[in-house]
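Okay, input-v4.txt now, which holds compact mmCIF, C-alpha atoms:
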```
# COMPACT_ATOMS: atom_id res chain seq x y z
CA MET O 4 -23.19 11.20 -25.99
CA PRO O 5 -20.07 12.60 -24.34
CA ALA O 6 -17.10 13.13 -26.58
CA GLU O 7 -14.22 10.71 -26.42
CA ALA O 8 -11.44 11.88 -24.14
CA GLU O 9 -8.16 12.69 -25.81
CA PRO O 10 -5.28 10.42 -24.78
CA ASP O 11 -2.84 11.90 -22.31
CA GLN O 12 0.06 13.76 -23.88
CA PRO O 13 3.60 12.86 -22.76
CA GLY O 14 4.15 14.13 -19.25
CA GLU O 15 0.63 15.54 -19.14
CA ILE O 16 -2.53 14.11 -17.56
CA ASN O 17 -5.82 15.20 -19.08
CA THR O 18 -7.52 14.93 -15.69
CA LEU O 19 -5.29 17.76 -14.48
CA VAL O 20 -5.68 19.69 -17.75
CA ASN O 21 -9.49 19.63 -17.52
CA ALA O 22 -9.93 19.86 -13.74
CA THR O 23 -11.25 22.93 -11.93
CA VAL O 24 -12.00 23.57 -8.28
CA MET O 25 -15.77 23.39 -8.90
CA LYS O 26 -15.54 20.14 -10.87
CA SER O 27 -13.44 18.69 -8.06
CA LEU O 28 -16.03 19.84 -5.52
CA TYR O 29 -18.98 18.35 -7.44
CA SER O 30 -17.23 15.02 -7.90
CA GLY O 31 -16.30 14.81 -4.21
CA VAL O 32 -19.83 15.50 -2.97
CA SER O 33 -21.47 13.15 -5.50
CA SER O 34 -19.18 10.21 -4.88
CA ALA O 35 -19.22 10.69 -1.09
CA PHE O 36 -23.01 10.52 -0.91
CA VAL O 37 -23.34 7.45 -3.13
CA ASN O 38 -20.45 5.57 -1.53
CA THR O 39 -21.49 6.25 2.05
CA ILE O 40 -25.03 4.95 1.55
CA ALA O 41 -23.95 1.92 -0.47
CA LEU O 42 -20.89 0.87 1.56
CA GLN O 43 -21.86 1.69 5.16
CA PRO O 44 -22.61 -2.01 5.98
CA LEU O 45 -18.97 -2.86 5.31
CA GLU O 46 -17.83 -0.01 7.58
CA VAL O 47 -20.14 -1.23 10.38
CA ALA O 48 -18.84 -4.79 9.95
CA LYS O 49 -15.24 -3.59 10.09
CA THR O 50 -15.86 -1.63 13.30
CA GLN O 51 -17.62 -4.59 14.93
CA LEU O 52 -14.77 -6.95 14.02
CA GLN O 53 -12.17 -4.57 15.41
CA THR O 54 -13.97 -3.97 18.72
CA ASN O 55 -15.50 -7.43 19.32
CA HIS O 56 -12.76 -10.03 18.86
CA SER O 57 -15.14 -12.97 19.29
CA LEU O 58 -16.69 -12.22 15.89
CA SER O 59 -15.53 -13.56 12.53
CA LEU O 60 -16.17 -12.48 8.98
CA ARG O 61 -18.85 -15.18 8.74
CA SER O 62 -20.64 -14.26 11.96
CA VAL O 63 -20.40 -10.48 11.96
CA PHE O 64 -23.34 -9.71 9.66
CA PRO O 65 -25.78 -12.12 11.44
CA HIS O 66 -24.58 -10.61 14.75
CA ILE O 67 -25.40 -7.07 13.57
CA VAL O 68 -28.84 -8.02 12.23
CA THR O 69 -29.71 -10.07 15.36
CA ASN O 70 -28.73 -7.33 17.80
CA TYR O 71 -29.70 -4.19 15.91
CA GLY O 72 -32.03 -5.35 13.13
CA ALA O 73 -31.44 -4.91 9.40
CA ARG O 74 -31.20 -1.14 9.93
CA GLY O 75 -28.18 -1.84 12.13
CA LEU O 76 -26.16 -2.39 8.96
CA TRP O 77 -26.50 1.35 8.40
CA ARG O 78 -25.67 2.43 11.98
CA GLY O 79 -23.57 5.58 11.90
CA THR O 80 -24.66 6.58 8.40
CA THR O 81 -25.47 10.17 9.42
CA PRO O 82 -22.07 10.97 10.98
CA SER O 83 -20.45 9.08 8.08
CA LEU O 84 -22.24 11.38 5.64
CA TYR O 85 -21.11 14.46 7.58
CA ARG O 86 -17.53 13.23 7.61
CA ASN O 87 -17.34 11.81 4.09
CA ILE O 88 -19.14 14.61 2.27
CA SER O 89 -17.11 17.22 4.15
CA GLY O 90 -13.91 15.26 3.61
CA LEU O 91 -14.26 14.49 -0.09
CA SER O 92 -15.80 17.85 -0.98
CA LEU O 93 -12.65 19.47 0.44
CA PHE O 94 -10.09 16.80 -0.47
CA TYR O 95 -10.31 16.95 -4.26
CA PRO O 96 -10.35 20.76 -4.56
CA LEU O 97 -7.37 20.99 -2.18
CA LEU O 98 -5.53 18.21 -3.99
CA TYR O 99 -6.18 19.81 -7.37
CA THR O 100 -5.21 23.30 -6.13
CA VAL O 101 -1.89 22.20 -4.64
CA GLN O 102 -0.97 19.92 -7.55
CA SER O 103 -1.76 22.54 -10.20
CA ARG O 104 0.02 25.26 -8.20
CA PHE O 105 3.32 23.38 -8.13
CA PHE O 106 3.19 21.05 -11.13
CA GLY O 107 0.64 22.52 -13.54
CA ASN O 108 -0.91 19.84 -15.76
CA THR O 109 1.92 17.33 -15.43
CA LYS O 110 1.98 14.27 -13.21
CA PRO O 111 3.77 15.11 -9.96
CA PRO O 112 6.90 13.13 -9.08
CA VAL O 113 6.35 10.07 -6.89
CA TYR O 114 7.52 11.76 -3.70
CA ALA O 115 5.42 14.86 -4.40
CA SER O 116 2.23 12.83 -4.94
CA PHE O 117 2.83 11.17 -1.57
CA VAL O 118 3.47 14.46 0.24
CA ILE O 119 0.55 16.33 -1.37
CA GLY O 120 -1.93 13.50 -0.78
CA GLY O 121 -0.78 12.85 2.78
CA GLY O 122 -0.60 16.53 3.71
CA THR O 123 -4.07 17.26 2.36
CA ARG O 124 -5.49 14.33 4.27
CA ALA O 125 -3.74 15.37 7.51
CA VAL O 126 -5.52 18.73 7.50
CA LEU O 127 -8.91 17.07 6.99
CA CYS O 128 -8.24 14.40 9.65
CA ILE O 129 -7.73 17.05 12.30
CA LEU O 130 -10.80 19.03 11.23
CA LEU O 131 -13.13 16.02 11.01
CA CYS O 132 -11.88 13.80 13.84
CA PRO O 133 -14.95 14.46 16.09
CA PHE O 134 -17.23 13.09 13.35
CA THR O 135 -15.01 10.00 13.11
CA VAL O 136 -15.26 9.40 16.86
CA ILE O 137 -19.06 9.79 16.80
CA LYS O 138 -19.31 7.50 13.76
CA THR O 139 -17.28 4.82 15.53
CA ARG O 140 -19.51 4.98 18.63
CA PHE O 141 -22.67 4.60 16.50
CA GLU O 142 -21.23 1.70 14.50
CA SER O 143 -19.98 -0.24 17.53
CA GLY O 144 -23.17 0.22 19.57
CA ASN O 145 -21.13 1.76 22.38
CA GLY O 146 -23.62 4.30 23.73
CA VAL O 147 -27.15 5.35 22.87
CA TYR O 148 -27.43 8.72 21.19
CA LYS O 149 -30.40 10.52 19.64
CA SER O 150 -28.43 12.35 16.97
CA VAL O 151 -24.95 13.39 15.90
CA LEU O 152 -25.25 16.60 17.93
CA ASP O 153 -26.47 14.68 20.98
CA ALA O 154 -23.55 12.26 20.66
CA GLY O 155 -21.03 15.08 20.48
CA ILE O 156 -22.48 16.87 23.52
CA SER O 157 -22.80 13.63 25.52
CA ILE O 158 -19.22 12.54 24.82
CA ARG O 159 -17.86 16.00 25.70
CA ARG O 160 -19.81 16.14 28.97
CA ALA O 161 -19.03 12.60 30.09
CA GLU O 162 -15.44 12.27 28.87
CA GLY O 163 -14.17 15.76 28.04
CA TRP O 164 -13.13 17.49 24.83
CA ARG O 165 -10.12 15.23 24.39
CA SER O 166 -12.38 12.22 23.78
CA LEU O 167 -13.65 13.85 20.59
CA TYR O 168 -10.06 13.61 19.38
CA ALA O 169 -9.42 10.11 20.73
CA GLY O 170 -7.36 8.09 18.28
CA ILE O 171 -6.09 11.15 16.42
CA VAL O 172 -2.48 9.87 16.50
CA PRO O 173 -3.18 6.45 14.90
CA THR O 174 -5.66 8.16 12.57
CA LEU O 175 -2.91 10.46 11.31
CA VAL O 176 -0.37 7.63 11.24
CA ARG O 177 -2.87 5.58 9.21
CA ASP O 178 -4.34 8.25 6.94
CA ILE O 179 -1.26 10.28 6.01
CA PRO O 180 0.61 7.28 4.55
CA TYR O 181 -2.61 5.68 3.25
CA THR O 182 -3.70 8.75 1.29
CA GLY O 183 -0.15 9.58 0.26
CA LEU O 184 0.37 6.05 -1.05
CA HIS O 185 -3.10 6.00 -2.58
CA VAL O 186 -2.61 9.21 -4.57
CA MET O 187 0.94 8.21 -5.50
CA PHE O 188 -0.08 4.73 -6.69
CA TYR O 189 -3.11 6.15 -8.52
CA TRP O 190 -1.15 8.54 -10.72
CA GLU O 191 1.63 6.00 -11.26
CA PHE O 192 -0.74 3.19 -12.27
CA LYS O 193 -2.88 5.50 -14.42
CA SER O 194 0.11 6.93 -16.26
CA ARG O 195 1.18 3.39 -17.21
CA LEU O 196 -2.21 2.29 -18.57
CA PRO O 197 -2.85 2.56 -22.35
CA ALA O 198 -5.10 5.67 -22.00
CA LYS O 199 -7.68 4.35 -24.46
CA ASN O 200 -10.58 4.61 -22.02
CA VAL O 201 -10.23 7.15 -19.22
CA LEU O 202 -13.05 5.65 -17.14
CA LEU O 203 -11.69 2.09 -17.32
CA ASP O 204 -8.18 3.32 -16.55
CA SER O 205 -9.38 5.30 -13.53
CA THR O 206 -11.30 2.29 -12.18
CA ILE O 207 -8.30 -0.03 -12.50
CA ALA O 208 -5.90 2.54 -11.04
CA GLY O 209 -8.29 3.27 -8.16
CA PHE O 210 -8.69 -0.45 -7.40
CA LEU O 211 -4.97 -1.20 -7.35
CA SER O 212 -3.91 1.94 -5.49
CA SER O 213 -6.43 1.33 -2.70
CA LEU O 214 -5.50 -2.36 -2.35
CA PHE O 215 -1.80 -1.65 -1.90
CA ALA O 216 -2.40 1.28 0.46
CA CYS O 217 -4.77 -0.78 2.65
CA MET O 218 -2.31 -3.64 2.96
CA LEU O 219 0.36 -1.30 4.30
CA THR O 220 -1.74 0.79 6.71
CA HIS O 221 -4.50 -1.43 8.14
CA PRO O 222 -2.93 -2.03 11.61
CA PHE O 223 -3.22 1.69 12.34
CA ASP O 224 -6.94 1.55 11.56
CA VAL O 225 -7.35 -1.16 14.21
CA LEU O 226 -5.50 0.94 16.79
CA LYS O 227 -7.58 4.01 15.92
CA THR O 228 -10.90 2.18 16.22
CA ASN O 229 -10.11 0.70 19.63
CA MET O 230 -8.82 4.01 21.01
CA GLN O 231 -11.95 5.84 19.86
CA ASN O 232 -14.37 3.18 21.08
CA HIS O 233 -12.73 2.48 24.48
CA PRO O 234 -10.57 5.52 25.34
CA VAL O 235 -10.24 4.51 29.00
CA GLU O 236 -9.07 0.98 28.22
CA TYR O 237 -6.88 2.07 25.31
CA PRO O 238 -5.75 5.62 26.19
CA THR O 239 -2.50 5.89 24.21
CA PHE O 240 -1.00 4.63 20.98
CA ARG O 241 1.64 2.55 22.72
CA GLN O 242 -0.70 0.98 25.29
CA THR O 243 -3.20 0.07 22.58
CA LEU O 244 -0.47 -1.51 20.50
CA THR O 245 0.85 -3.66 23.36
CA ARG O 246 -2.51 -4.56 24.91
CA LEU O 247 -4.02 -5.76 21.65
CA TYR O 248 -0.95 -7.90 21.00
CA SER O 249 -0.85 -9.40 24.50
CA ARG O 250 -4.59 -10.18 24.50
CA TYR O 251 -5.28 -11.25 20.93
CA GLY O 252 -1.94 -11.76 19.21
CA LEU O 253 -0.47 -10.42 16.01
CA SER O 254 -3.57 -11.24 13.97
CA SER O 255 -5.54 -8.60 15.91
CA TYR O 256 -3.74 -5.92 13.91
CA TYR O 257 -5.55 -7.15 10.79
CA ALA O 258 -9.00 -7.56 12.32
CA GLY O 259 -11.62 -6.29 9.89
CA PHE O 260 -9.13 -6.24 7.02
CA LEU O 261 -11.44 -7.76 4.39
CA PRO O 262 -14.51 -5.53 4.93
CA ARG O 263 -12.33 -2.42 5.22
CA THR O 264 -10.31 -3.25 2.14
CA GLY O 265 -13.41 -4.25 0.19
CA ARG O 266 -15.07 -0.97 1.11
CA LYS O 267 -11.94 1.07 0.38
CA ILE O 268 -11.46 -0.57 -3.02
CA LEU O 269 -15.07 0.06 -4.03
CA LEU O 270 -14.95 3.58 -2.57
CA SER O 271 -11.73 4.40 -4.37
CA SER O 272 -12.82 2.94 -7.70
CA VAL O 273 -16.17 4.76 -7.68
CA THR O 274 -14.72 8.03 -6.36
CA TRP O 275 -11.98 8.25 -8.98
CA LEU O 276 -14.44 7.13 -11.67
CA VAL O 277 -16.87 9.94 -10.76
CA PHE O 278 -14.00 12.44 -10.49
CA GLU O 279 -12.58 11.50 -13.90
CA TYR O 280 -16.03 11.46 -15.55
CA ILE O 281 -17.06 14.91 -14.28
CA VAL O 282 -13.64 16.43 -15.01
CA THR O 283 -13.43 14.89 -18.49
CA TYR O 284 -16.97 15.29 -19.82
CA PHE O 285 -18.43 18.36 -18.09
```
Please express what this file holds, its structure, as structure tokens.
Amino acid sequence: MPAEAEPDQPGEINTLVNATVMKSLYSGVSSAFVNTIALQPLEVAKTQLQTNHSLSLRSVFPHIVTNYGARGLWRGTTPSLYRNISGLSLFYPLLYTVQSRFFGNTKPPVYASFVIGGGTRAVLCILLCPFTVIKTRFESGNGVYKSVLDAGISIRRAEGWRSLYAGIVPTLVRDIPYTGLHVMFYWEFKSRLPAKNVLLDSTIAGFLSSLFACMLTHPFDVLKTNMQNHPVEYPTFRQTLTRLYSRYGLSSYYAGFLPRTGRKILLSSVTWLVFEYIVTYF
């Protein structure tokens, strides 16, 4: 039986007291693998809703199964694993390193949590954007590729290197504030919970932080998905913004909101839970 975690001391967060780079790495890899396999159907549904505006939340899952079979719910799992395992295995060690370097074991100020979270995510977005593009192509059914490597080579040959970074602007505009808000809300919510059960607190804080961050940043996810899936039709941030509005109205900016938010909430809750468990009890 693991020992009970000590309650946080004033101004101090036990997660930061007990964390190390290796614990952060293990938690990122573990949670990324489990979450990607379990939640990929929601990611596929979100991508389909954002790229096929004739679909609804009720019809999207039957549409995927009818056109691609039950395995179609896990389209894009391989590039998702590459991206998510790489992303989370680097995100938590970087986050921990920067936070501990400047603030030690204490909770960073609100603005600092936002900057550290958003800045860390920005670096990873740029590094992993090609995997995101390939993942989007697999999930939408736009193109037939034998493997992740084949997809990358095919896209580069047919559309040029720039296509592997299609949607990088809305991705950064979405992910920098999303992750900044997410990390900021997480520490703020967690520091206000009674600290009697670290795992319950982390789950609640992860749930709430992801919900609020998704509500504020989802339109940028829609822009990113359309730019990556149809770079010729939606070549720039501004053109994508205006074309989606003129064709489908304001509601198009929240296409796929429920599956994305559901996935993000579950992802966040499980990821922080795994992180807190490994850091606290190992």
TODO: Provide the CA of Glu236 (chain O) to CA of Ala161 (chain O) distance in Å, to one decimal place.
DONE: 15.4 Å
Please, which residues in region 61-173 of chain O fall within 9 Å of region 183-203 of chain O when counting only C-alpha atoms, and what is the closest atom pair and distance in Å to one decimal for each, ordered by chain then residue number, as JSON lines?
```
{"residue": "O:Lys110", "atom": "CA", "partner": "O:Trp190", "partner_atom": "CA", "distance": 7.0}
{"residue": "O:Pro111", "atom": "CA", "partner": "O:Trp190", "partner_atom": "CA", "distance": 8.2}
{"residue": "O:Pro112", "atom": "CA", "partner": "O:Met187", "partner_atom": "CA", "distance": 8.5}
{"residue": "O:Val113", "atom": "CA", "partner": "O:Met187", "partner_atom": "CA", "distance": 5.9}
{"residue": "O:Tyr114", "atom": "CA", "partner": "O:Met187", "partner_atom": "CA", "distance": 7.7}
{"residue": "O:Ala115", "atom": "CA", "partner": "O:Met187", "partner_atom": "CA", "distance": 8.1}
{"residue": "O:Ser116", "atom": "CA", "partner": "O:Met187", "partner_atom": "CA", "distance": 4.8}
{"residue": "O:Phe117", "atom": "CA", "partner": "O:Gly183", "partner_atom": "CA", "distance": 3.8}
{"residue": "O:Val118", "atom": "CA", "partner": "O:Gly183", "partner_atom": "CA", "distance": 6.1}
{"residue": "O:Ile119", "atom": "CA", "partner": "O:Gly183", "partner_atom": "CA", "distance": 7.0}
{"residue": "O:Gly120", "atom": "CA", "partner": "O:Gly183", "partner_atom": "CA", "distance": 4.4}
{"residue": "O:Gly121", "atom": "CA", "partner": "O:Gly183", "partner_atom": "CA", "distance": 4.2}
{"residue": "O:Gly122", "atom": "CA", "partner": "O:Gly183", "partner_atom": "CA", "distance": 7.8}
{"residue": "O:Thr123", "atom": "CA", "partner": "O:Gly183", "partner_atom": "CA", "distance": 8.9}
{"residue": "O:Arg124", "atom": "CA", "partner": "O:Gly183", "partner_atom": "CA", "distance": 8.2}
```
Task: Surrounding residues of Arg246 (chain O) excluding itself and chain neighbours under 4 positions, 8 Å, all atoms listed in the file, as JSON, numbers by chain - done: {"O": [237, 242, 250]}
Counting only C-alpha atoms, which residues of region 115-211 of chain O sit at most 12 Å from some atom of region 258-266 of chain O, and what is each one's closest atom pair with its distance in Å to one decimal, listed by chain and rising residue number, as CSV?
```
residue,atom,partner,partner_atom,distance
O:Tyr181,CA,O:Thr264,CA,11.8
O:Phe210,CA,O:Gly265,CA,9.7
O:Leu211,CA,O:Thr264,CA,11.1
```
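Remark: for Ser271 (chain O), the closest of the candidate residues O:Ser34, O:Thr23, O:Gln102, O:Thr243 is O:Ser34 (distances computed over only C-alpha atoms).
Using all atoms listed in the file for every distance, the candidate list O:Tyr251, O:Tyr95, O:Phe64, O:Tyr257 yields O:Tyr257 as the residue closest to Met218 (chain O).
Of note, CA of Lys49 (chain O) and CA of Arg159 (chain O) are spaced 25.2 Å apart.
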Open item on the list: Ranking O:Thr69, O:Gln53, O:Thr135, O:Thr245 by minimum distance to His221 (chain O) and counting all atoms listed in the file, which one comes first?
Closed with: O:Gln53
Task: Val172 (chain O) surroundings by all atoms listed in the file, 10 Å radius, close-in-sequence under 6 positions cut, as a ChimeraX atom specification - done: /O:129,178,223,226-227,230,239-240
Open item on the list: I'd like the interatomic distance between CA of Ala125 (chain O) and CA of His56 (chain O), to a tenth of an Å.
Closed with: 29.2 Å
Open item on the list: Need to verify the contact set: Ile137 (chain O), 9 Å, all atoms listed in the file, exclusion of same-chain residues closer than 5 positions in sequence. Can you return it as a PyMOL selection string?
Closed with: chain O and resi 79+82-83+132+142+151+154-155+158+167+231
Can you pull region 240-268 of chain O out of that block with N, CA, C and O atoms and hand it back as an mmCIF file, in the first residue's frame?
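Once written, out_9.cif looks like this:
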```cif
data_model
loop_
_atom_site.group_PDB
_atom_site.id
_atom_site.type_symbol
_atom_site.label_atom_id
_atom_site.label_comp_id
_atom_site.auth_asym_id
_atom_site.auth_seq_id
_atom_site.Cartn_x
_atom_site.Cartn_y
_atom_site.Cartn_z
ATOM 1 N N PHE O 240 -4.421 31.645 -42.453
ATOM 2 C CA PHE O 240 -5.260 31.805 -41.269
ATOM 3 C C PHE O 240 -6.468 32.691 -41.578
ATOM 4 O O PHE O 240 -7.614 32.341 -41.265
ATOM 5 N N ARG O 241 -6.221 33.808 -42.194
ATOM 6 C CA ARG O 241 -7.300 34.759 -42.465
ATOM 7 C C ARG O 241 -8.322 34.212 -43.460
ATOM 8 O O ARG O 241 -9.535 34.346 -43.249
ATOM 9 N N GLN O 242 -7.850 33.588 -44.540
ATOM 10 C CA GLN O 242 -8.768 33.025 -45.529
ATOM 11 C C GLN O 242 -9.604 31.896 -44.942
ATOM 12 O O GLN O 242 -10.788 31.765 -45.247
ATOM 13 N N THR O 243 -8.997 31.073 -44.096
ATOM 14 C CA THR O 243 -9.744 29.989 -43.456
ATOM 15 C C THR O 243 -10.825 30.557 -42.547
ATOM 16 O O THR O 243 -11.966 30.093 -42.543
ATOM 17 N N LEU O 244 -10.469 31.577 -41.799
ATOM 18 C CA LEU O 244 -11.418 32.209 -40.886
ATOM 19 C C LEU O 244 -12.628 32.761 -41.638
ATOM 20 O O LEU O 244 -13.784 32.515 -41.259
ATOM 21 N N THR O 245 -12.378 33.485 -42.733
ATOM 22 C CA THR O 245 -13.479 34.112 -43.469
ATOM 23 C C THR O 245 -14.271 33.107 -44.309
ATOM 24 O O THR O 245 -15.494 33.203 -44.402
ATOM 25 N N ARG O 246 -13.601 32.124 -44.905
ATOM 26 C CA ARG O 246 -14.304 31.156 -45.733
ATOM 27 C C ARG O 246 -15.212 30.245 -44.921
ATOM 28 O O ARG O 246 -16.324 29.919 -45.346
ATOM 29 N N LEU O 247 -14.739 29.808 -43.775
ATOM 30 C CA LEU O 247 -15.591 28.979 -42.918
ATOM 31 C C LEU O 247 -16.823 29.758 -42.474
ATOM 32 O O LEU O 247 -17.943 29.223 -42.466
ATOM 33 N N TYR O 248 -16.642 31.023 -42.143
ATOM 34 C CA TYR O 248 -17.780 31.832 -41.693
ATOM 35 C C TYR O 248 -18.776 32.066 -42.829
ATOM 36 O O TYR O 248 -19.996 31.928 -42.641
ATOM 37 N N SER O 249 -18.264 32.392 -44.024
ATOM 38 C CA SER O 249 -19.170 32.676 -45.145
ATOM 39 C C SER O 249 -19.912 31.430 -45.624
ATOM 40 O O SER O 249 -21.045 31.525 -46.100
ATOM 41 N N ARG O 250 -19.299 30.263 -45.492
ATOM 42 C CA ARG O 250 -19.913 29.028 -45.974
ATOM 43 C C ARG O 250 -20.817 28.354 -44.940
ATOM 44 O O ARG O 250 -21.873 27.817 -45.290
ATOM 45 N N TYR O 251 -20.394 28.390 -43.681
ATOM 46 C CA TYR O 251 -21.091 27.581 -42.674
ATOM 47 C C TYR O 251 -21.573 28.374 -41.463
ATOM 48 O O TYR O 251 -22.245 27.816 -40.601
ATOM 49 N N GLY O 252 -21.214 29.650 -41.392
ATOM 50 C CA GLY O 252 -21.689 30.466 -40.289
ATOM 51 C C GLY O 252 -20.814 30.375 -39.044
ATOM 52 O O GLY O 252 -19.824 29.638 -38.984
ATOM 53 N N LEU O 253 -21.234 31.114 -38.035
ATOM 54 C CA LEU O 253 -20.464 31.214 -36.803
ATOM 55 C C LEU O 253 -20.329 29.871 -36.084
ATOM 56 O O LEU O 253 -19.313 29.596 -35.433
ATOM 57 N N SER O 254 -21.350 29.031 -36.224
ATOM 58 C CA SER O 254 -21.323 27.745 -35.516
ATOM 59 C C SER O 254 -20.200 26.832 -35.997
ATOM 60 O O SER O 254 -19.801 25.905 -35.287
ATOM 61 N N SER O 255 -19.679 27.092 -37.217
ATOM 62 C CA SER O 255 -18.602 26.242 -37.744
ATOM 63 C C SER O 255 -17.344 26.320 -36.876
ATOM 64 O O SER O 255 -16.542 25.398 -36.851
ATOM 65 N N TYR O 256 -17.184 27.425 -36.150
ATOM 66 C CA TYR O 256 -16.001 27.579 -35.312
ATOM 67 C C TYR O 256 -16.032 26.660 -34.079
ATOM 68 O O TYR O 256 -15.015 26.497 -33.404
ATOM 69 N N TYR O 257 -17.207 26.073 -33.816
ATOM 70 C CA TYR O 257 -17.314 25.133 -32.697
ATOM 71 C C TYR O 257 -17.693 23.734 -33.164
ATOM 72 O O TYR O 257 -18.169 22.921 -32.366
ATOM 73 N N ALA O 258 -17.440 23.453 -34.454
ATOM 74 C CA ALA O 258 -17.645 22.090 -34.956
ATOM 75 C C ALA O 258 -16.720 21.131 -34.221
ATOM 76 O O ALA O 258 -15.544 21.428 -34.025
ATOM 77 N N GLY O 259 -17.242 20.002 -33.804
ATOM 78 C CA GLY O 259 -16.427 19.014 -33.102
ATOM 79 C C GLY O 259 -16.097 19.376 -31.668
ATOM 80 O O GLY O 259 -15.226 18.753 -31.063
ATOM 81 N N PHE O 260 -16.818 20.361 -31.111
ATOM 82 C CA PHE O 260 -16.494 20.823 -29.763
ATOM 83 C C PHE O 260 -16.678 19.720 -28.711
ATOM 84 O O PHE O 260 -15.815 19.514 -27.857
ATOM 85 N N LEU O 261 -17.796 18.998 -28.781
ATOM 86 C CA LEU O 261 -18.080 17.997 -27.750
ATOM 87 C C LEU O 261 -17.079 16.839 -27.756
ATOM 88 O O LEU O 261 -16.543 16.486 -26.688
ATOM 89 N N PRO O 262 -16.804 16.199 -28.923
ATOM 90 C CA PRO O 262 -15.804 15.124 -28.859
ATOM 91 C C PRO O 262 -14.413 15.613 -28.482
ATOM 92 O O PRO O 262 -13.682 14.927 -27.764
ATOM 93 N N ARG O 263 -14.024 16.813 -28.954
ATOM 94 C CA ARG O 263 -12.698 17.326 -28.572
ATOM 95 C C ARG O 263 -12.630 17.609 -27.075
ATOM 96 O O ARG O 263 -11.671 17.219 -26.398
ATOM 97 N N THR O 264 -13.663 18.281 -26.569
ATOM 98 C CA THR O 264 -13.656 18.627 -25.155
ATOM 99 C C THR O 264 -13.752 17.378 -24.282
ATOM 100 O O THR O 264 -13.064 17.271 -23.259
ATOM 101 N N GLY O 265 -14.597 16.420 -24.705
ATOM 102 C CA GLY O 265 -14.682 15.171 -23.959
ATOM 103 C C GLY O 265 -13.350 14.458 -23.907
ATOM 104 O O GLY O 265 -12.917 13.974 -22.845
ATOM 105 N N ARG O 266 -12.673 14.413 -25.059
ATOM 106 C CA ARG O 266 -11.360 13.763 -25.104
ATOM 107 C C ARG O 266 -10.351 14.523 -24.258
ATOM 108 O O ARG O 266 -9.569 13.927 -23.509
ATOM 109 N N LYS O 267 -10.347 15.855 -24.387
ATOM 110 C CA LYS O 267 -9.371 16.659 -23.644
ATOM 111 C C LYS O 267 -9.579 16.536 -22.135
ATOM 112 O O LYS O 267 -8.613 16.470 -21.362
ATOM 113 N N ILE O 268 -10.843 16.511 -21.708
ATOM 114 C CA ILE O 268 -11.131 16.394 -20.281
ATOM 115 C C ILE O 268 -10.638 15.056 -19.753
ATOM 116 O O ILE O 268 -9.981 14.978 -18.702
#
```
